[in-house]
Amino acid sequence: MDIVEQLLTTPLFKNVEPEDLFALADVMEHQHYEPEIVLFNAGDEGDAMYIIQAGLVRVYTCDTQGDELTLMHYGTSQIFGEFSLLDNEPRSASVSVVEPTDVLILHRENFLDFLLQRPQVALAMMRNLSQRARYTTRYVEEVMRWTKQLARGEYGHTIEQLSESDSEDHSDDIQGLITHFLHMIHSVRLREDELKKEVVRLRVQIDQKKRETDVQTITRSTFFSSLKEQAKLMRIETTLSQARDDLSPD
């Protein structure tokens, strides 16, 4: 797949004329990265788009405890960071290199200069963005519905709906989020099951401790001591009575 074909697969450039995309490819910069290099972090300025010519990168974020959560992987011929060319917003996730990777980079400055020369590209991209916005709105509505189901504890039903979601209807980034959402649901469900088991274990331990406490309370009471004394006297009386019977003549 050449650069133009790669660009045509993205929501941002799918309706742009090929000759315009050939001109766009001319202003891209080639870079090579080794594994473990971080291309950018969440919160960094979004100033470039990347096309992977060969290799693999990982898109990830961090939870409130600082643990990394992998959202998706991008490989050869895939594109990421394209919306940063227009929205001027910080990066929403971090990206690191998994294996030796060659990329083509389109910087915002070069891209904006390109649009000044070819305004028809901007119009085509605006149409694509409006379609993307409608799609994203529908997806957000689905996420809200899934979240409400999870709040009600409907894990199985939500997992079934997510699993049946047609990947062909979603872009790579949305499908990656769905995959991450499924993983999160399984983790939450597993944690809840573990907590339930822990509650049962604690209840058994509490019941056992209560029984032991009740036994100690009874055995240390005056009433129980009195019963022990009476039982001791009864044993003595029984022994003496038996001895008298043995000594008495037939």
# chains A, B, ... in the order shown; residues from 1 in each chain; ligands from 1
$ residues_around --residues "Gln120 (chain A)" --least-positions-apart "6" --cutoff "10 Å" --atoms "only C-alpha atoms" --output "list in words"
Val16, Glu17, Asp20 and Met126 of chain A
$ residues_around --residues "Val57 (chain A)" --least-positions-apart "4" --cutoff "6 Å" --atoms "only C-alpha atoms" --output "list of chain:residue names"
A:His73, A:Tyr74, A:Ser96, A:Val97, A:Val98
$ residues_around --residues "region 34-48 of chain A" --least-positions-apart "3" --cutoff "12 Å" --atoms "only C-alpha atoms" --output "ChimeraX atom specification"
/A:28-29,31,51,54-62,68,79-112
$ write_last_selection --atoms "N, CA and C atoms" --output "compact mmCIF listing (two decimals), in the first residue's frame"
# COMPACT_ATOMS: atom_id res chain seq x y z
N MET A 28 5.88 15.43 3.69
CA MET A 28 6.04 14.59 4.87
C MET A 28 7.51 14.29 5.13
N GLU A 29 7.82 14.05 6.40
CA GLU A 29 9.20 13.80 6.84
C GLU A 29 9.35 12.35 7.29
N GLN A 31 11.11 9.34 9.46
CA GLN A 31 11.83 9.14 10.72
C GLN A 31 11.85 7.65 11.05
N ILE A 51 2.25 8.27 9.75
CA ILE A 51 1.92 7.10 8.92
C ILE A 51 3.01 6.06 9.15
N ALA A 54 6.52 0.84 8.41
CA ALA A 54 6.85 -0.51 8.89
C ALA A 54 7.07 -0.43 10.40
N GLY A 55 6.61 -1.47 11.11
CA GLY A 55 6.82 -1.49 12.56
C GLY A 55 5.53 -1.57 13.35
N LEU A 56 5.63 -1.24 14.64
CA LEU A 56 4.48 -1.36 15.54
C LEU A 56 4.62 -0.36 16.68
N VAL A 57 3.52 0.34 17.00
CA VAL A 57 3.51 1.25 18.14
C VAL A 57 2.34 0.89 19.05
N ARG A 58 2.46 1.34 20.29
CA ARG A 58 1.42 1.06 21.30
C ARG A 58 0.81 2.37 21.77
N VAL A 59 -0.53 2.41 21.78
CA VAL A 59 -1.25 3.57 22.31
C VAL A 59 -1.74 3.21 23.71
N TYR A 60 -1.45 4.06 24.69
CA TYR A 60 -1.80 3.72 26.06
C TYR A 60 -2.15 4.96 26.86
N THR A 61 -2.78 4.74 27.99
CA THR A 61 -3.07 5.80 28.95
C THR A 61 -2.77 5.27 30.34
N CYS A 62 -2.97 6.07 31.36
CA CYS A 62 -2.69 5.65 32.73
C CYS A 62 -3.94 5.86 33.58
N GLU A 68 -0.29 1.70 33.56
CA GLU A 68 -0.52 1.87 32.14
C GLU A 68 -1.61 0.93 31.64
N ILE A 79 -2.42 4.82 10.38
CA ILE A 79 -2.19 6.24 10.64
C ILE A 79 -2.72 6.59 12.01
N PHE A 80 -2.03 7.47 12.72
CA PHE A 80 -2.54 7.96 14.00
C PHE A 80 -2.13 9.41 14.19
N GLY A 81 -2.89 10.10 15.02
CA GLY A 81 -2.61 11.50 15.32
C GLY A 81 -3.11 12.47 14.28
N GLU A 82 -3.97 12.00 13.34
CA GLU A 82 -4.36 12.88 12.24
C GLU A 82 -5.22 14.07 12.66
N PHE A 83 -6.03 13.89 13.72
CA PHE A 83 -6.92 14.99 14.11
C PHE A 83 -6.17 16.12 14.80
N SER A 84 -4.96 15.84 15.25
CA SER A 84 -4.18 16.90 15.88
C SER A 84 -3.77 17.97 14.87
N LEU A 85 -3.84 17.64 13.58
CA LEU A 85 -3.50 18.62 12.56
C LEU A 85 -4.48 19.79 12.55
N LEU A 86 -5.71 19.54 13.02
CA LEU A 86 -6.75 20.56 12.94
C LEU A 86 -7.21 21.11 14.27
N ASP A 87 -7.35 20.24 15.30
CA ASP A 87 -8.03 20.71 16.51
C ASP A 87 -7.10 21.45 17.48
N ASN A 88 -5.78 21.33 17.29
CA ASN A 88 -4.81 22.03 18.14
C ASN A 88 -4.99 21.68 19.63
N GLU A 89 -5.52 20.48 19.90
CA GLU A 89 -5.75 20.04 21.27
C GLU A 89 -4.58 19.16 21.74
N PRO A 90 -4.36 19.06 23.06
CA PRO A 90 -3.30 18.17 23.57
C PRO A 90 -3.59 16.71 23.23
N ARG A 91 -2.55 15.91 23.21
CA ARG A 91 -2.71 14.48 22.94
C ARG A 91 -3.56 13.85 24.04
N SER A 92 -4.50 13.00 23.62
CA SER A 92 -5.39 12.35 24.58
C SER A 92 -4.82 11.06 25.12
N ALA A 93 -3.75 10.55 24.51
CA ALA A 93 -3.12 9.30 24.97
C ALA A 93 -1.63 9.37 24.63
N SER A 94 -0.89 8.41 25.16
CA SER A 94 0.55 8.32 24.89
C SER A 94 0.81 7.25 23.85
N VAL A 95 1.93 7.39 23.13
CA VAL A 95 2.31 6.40 22.11
C VAL A 95 3.79 6.08 22.26
N SER A 96 4.10 4.78 22.33
CA SER A 96 5.50 4.35 22.40
C SER A 96 5.76 3.31 21.32
N VAL A 97 7.02 3.13 20.97
CA VAL A 97 7.43 2.22 19.90
C VAL A 97 7.62 0.82 20.48
N VAL A 98 7.03 -0.17 19.85
CA VAL A 98 7.13 -1.56 20.31
C VAL A 98 8.26 -2.29 19.62
N GLU A 99 8.40 -2.08 18.33
CA GLU A 99 9.48 -2.70 17.55
C GLU A 99 10.03 -1.66 16.58
N PRO A 100 11.22 -1.89 16.00
CA PRO A 100 11.79 -0.88 15.09
C PRO A 100 10.75 -0.40 14.08
N THR A 101 10.57 0.92 14.02
CA THR A 101 9.46 1.50 13.27
C THR A 101 9.92 2.66 12.40
N ASP A 102 9.46 2.65 11.14
CA ASP A 102 9.67 3.75 10.21
C ASP A 102 8.34 4.45 9.99
N VAL A 103 8.35 5.78 10.08
CA VAL A 103 7.12 6.54 9.92
C VAL A 103 7.35 7.72 8.99
N LEU A 104 6.25 8.19 8.42
CA LEU A 104 6.21 9.46 7.73
C LEU A 104 5.44 10.42 8.62
N ILE A 105 5.98 11.61 8.85
CA ILE A 105 5.38 12.58 9.76
C ILE A 105 4.93 13.81 8.97
N LEU A 106 3.68 14.19 9.20
CA LEU A 106 3.16 15.42 8.62
C LEU A 106 2.97 16.43 9.75
N HIS A 107 3.78 17.47 9.77
CA HIS A 107 3.69 18.48 10.81
C HIS A 107 2.59 19.48 10.49
N ARG A 108 1.98 20.05 11.52
CA ARG A 108 0.86 20.97 11.32
C ARG A 108 1.26 22.18 10.47
N GLU A 109 2.44 22.72 10.73
CA GLU A 109 2.87 23.91 9.99
C GLU A 109 2.89 23.64 8.48
N ASN A 110 3.47 22.49 8.09
CA ASN A 110 3.52 22.12 6.67
C ASN A 110 2.13 21.86 6.13
N PHE A 111 1.28 21.26 6.96
CA PHE A 111 -0.07 20.93 6.53
C PHE A 111 -0.89 22.21 6.28
N LEU A 112 -0.78 23.19 7.17
CA LEU A 112 -1.54 24.43 7.01
C LEU A 112 -1.07 25.20 5.77
$ closest_residue --among "A:Ser221, A:Asn15, A:Gln208, A:Gln53" --to "Val121 (chain A)" --atoms "only C-alpha atoms"
A:Asn15
$ closest_residue --among "A:Gln78, A:Gln205, A:Leu21, A:Gly66" --to "Leu115 (chain A)" --atoms "only C-alpha atoms"
A:Leu21
$ atom_distance --atom1 "CA of Lys14 (chain A)" --atom2 "CA of Leu116 (chain A)"
19.5 Å
$ atom_distance --atom1 "CA of Phe13 (chain A)" --atom2 "CA of Gly75 (chain A)"
18.8 Å
